[in-house]
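Pasting coords_7.txt here (compact mmCIF, C-alpha atoms and all ligand atoms):
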```
# COMPACT_ATOMS: atom_id res chain seq x y z
CA MET A 60 0.00 0.00 0.00
CA ASN A 61 1.19 3.49 -0.85
CA LYS A 62 0.56 6.60 1.18
CA THR A 63 0.74 10.25 0.38
CA THR A 64 -0.17 13.53 1.99
CA ILE A 65 -1.55 16.31 -0.18
CA LYS A 66 -1.83 19.90 1.01
CA VAL A 67 -5.30 21.25 0.27
CA LYS A 68 -6.26 24.91 0.32
CA GLY A 69 -9.75 26.26 0.84
CA MET A 70 -11.26 23.72 3.25
CA SER A 71 -13.03 25.26 6.23
CA CYS A 72 -15.60 22.87 7.67
CA GLY A 73 -16.86 19.31 7.91
CA HIS A 74 -18.64 19.67 4.61
CA CYS A 75 -15.38 20.54 2.84
CA LYS A 76 -13.72 17.57 4.52
CA MET A 77 -16.43 15.20 3.27
CA THR A 78 -16.37 16.65 -0.23
CA VAL A 79 -12.61 16.20 -0.58
CA GLU A 80 -12.61 12.73 0.98
CA ASN A 81 -15.40 11.56 -1.31
CA ALA A 82 -13.72 13.05 -4.38
CA LEU A 83 -10.57 11.09 -3.57
CA LYS A 84 -12.42 7.86 -2.80
CA GLU A 85 -14.13 7.98 -6.19
CA ASN A 86 -10.85 6.81 -7.64
CA LYS A 87 -10.98 3.02 -7.55
CA CYS A 88 -7.27 2.81 -6.70
CA VAL A 89 -7.79 4.82 -3.50
CA THR A 90 -8.40 2.59 -0.50
CA ASP A 91 -8.63 5.31 2.13
CA ALA A 92 -8.75 9.09 2.29
CA SER A 93 -8.92 11.22 5.40
CA VAL A 94 -8.73 14.98 5.67
CA ASN A 95 -7.13 16.82 8.57
CA LEU A 96 -8.85 20.20 8.61
CA ASP A 97 -6.47 21.79 11.14
CA LYS A 98 -3.44 20.97 9.02
CA GLY A 99 -5.21 21.46 5.70
CA GLU A 100 -4.04 18.07 4.50
CA ALA A 101 -5.49 14.99 2.89
CA ASN A 102 -3.90 11.67 3.80
CA VAL A 103 -4.46 9.13 1.07
CA GLU A 104 -3.77 5.41 0.82
CA TYR A 105 -3.77 3.92 -2.64
CA LYS A 106 -2.93 0.82 -4.62
CA ASP A 107 -0.30 0.46 -7.33
CA CYS A 108 -2.90 0.91 -10.07
CA LEU A 109 -2.89 4.68 -9.48
CA GLU A 110 -0.96 6.17 -12.38
CA SER A 111 0.08 9.38 -10.68
CA VAL A 112 -0.58 11.42 -7.56
CA ASP A 113 -1.46 14.21 -9.97
CA THR A 114 -4.68 12.30 -10.64
CA LEU A 115 -5.62 12.81 -6.99
CA LYS A 116 -4.74 16.49 -7.12
CA GLU A 117 -6.95 16.83 -10.17
CA ALA A 118 -9.85 15.20 -8.31
CA ILE A 119 -9.42 17.72 -5.48
CA LYS A 120 -9.38 20.60 -7.97
CA ASN A 121 -12.50 19.28 -9.68
CA ALA A 122 -14.20 19.22 -6.28
CA GLY A 123 -13.50 22.95 -5.96
CA TYR A 124 -10.38 23.05 -3.78
CA GLU A 125 -6.75 23.81 -4.44
CA ALA A 126 -4.23 20.98 -4.17
CA ILE A 127 -0.63 21.96 -3.71
CU CU B 201 -16.81 23.78 4.20
```

Can the structure in the file be given as structure tokens, please?
Amino acid sequence: MNKTTIKVKGMSCGHCKMTVENALKENKCVTDASVNLDKGEANVEYKDCLESVDTLKEAIKNAGYEAI
């Protein structure tokens, strides 16, 4: 299992947290996604089938937040 932490800008409440987590989990290679609102980070676990972490950043952007 692979893990990565992505900095996410623009999240402010539980709704944002859910939106970002669900956007990440829509990727079938993602096995777990949890957002830390205080740190402004998303911790993601994913399988080898994920082509690139950029795919996850794109999903966050499409959900309306900024991935760094
Ligand atoms: Cu919010």

I'd like the contact shell of Tyr105 in chain A - 8 Å cut-off, only C-alpha atoms, skipping same-chain residues fewer than 5 positions apart - returned as a VMD selection string. chain A and resid 60 to 62 88 to 91

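Rounded to one decimal, CA of His74 in chain A and CA of Val103 in chain A lie 18.0 Å from each other.
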
Check every protein, DNA and RNA residue against ligand CU 201 (chain B), keep those with an atom at most 6 Å away (counting all atoms listed in the file), and present them as an NGL selection string. :A and (70-75)

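Remark: for Glu125 in chain A, the closest of the candidate residues A:Ala92, A:Glu110, A:Lys87, A:Glu100 is A:Glu100 (distances computed over only C-alpha atoms).
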
Residue list as a CSV table (one decimal) with C-alpha atoms, keeping the file's coordinate frame for point (-8.6, 18.5, -8.2), cut-off 12 Å, all atoms listed in the file:
```
chain,number,residue,atom,x,y,z
A,65,ILE,CA,-1.6,16.3,-0.2
A,66,LYS,CA,-1.8,19.9,1.0
A,67,VAL,CA,-5.3,21.2,0.3
A,68,LYS,CA,-6.3,24.9,0.3
A,69,GLY,CA,-9.8,26.3,0.8
A,78,THR,CA,-16.4,16.6,-0.2
A,79,VAL,CA,-12.6,16.2,-0.6
A,80,GLU,CA,-12.6,12.7,1.0
A,81,ASN,CA,-15.4,11.6,-1.3
A,82,ALA,CA,-13.7,13.0,-4.4
A,83,LEU,CA,-10.6,11.1,-3.6
A,86,ASN,CA,-10.8,6.8,-7.6
A,112,VAL,CA,-0.6,11.4,-7.6
A,113,ASP,CA,-1.5,14.2,-10.0
A,114,THR,CA,-4.7,12.3,-10.6
A,115,LEU,CA,-5.6,12.8,-7.0
A,116,LYS,CA,-4.7,16.5,-7.1
A,117,GLU,CA,-7.0,16.8,-10.2
A,118,ALA,CA,-9.8,15.2,-8.3
A,119,ILE,CA,-9.4,17.7,-5.5
A,120,LYS,CA,-9.4,20.6,-8.0
A,121,ASN,CA,-12.5,19.3,-9.7
A,122,ALA,CA,-14.2,19.2,-6.3
A,123,GLY,CA,-13.5,23.0,-6.0
A,124,TYR,CA,-10.4,23.0,-3.8
A,125,GLU,CA,-6.8,23.8,-4.4
A,126,ALA,CA,-4.2,21.0,-4.2
A,127,ILE,CA,-0.6,22.0,-3.7
```

How many Å lie between CA of Lys106 in chain A and CA of Lys84 in chain A, rounded to one decimal? 12.0 Å
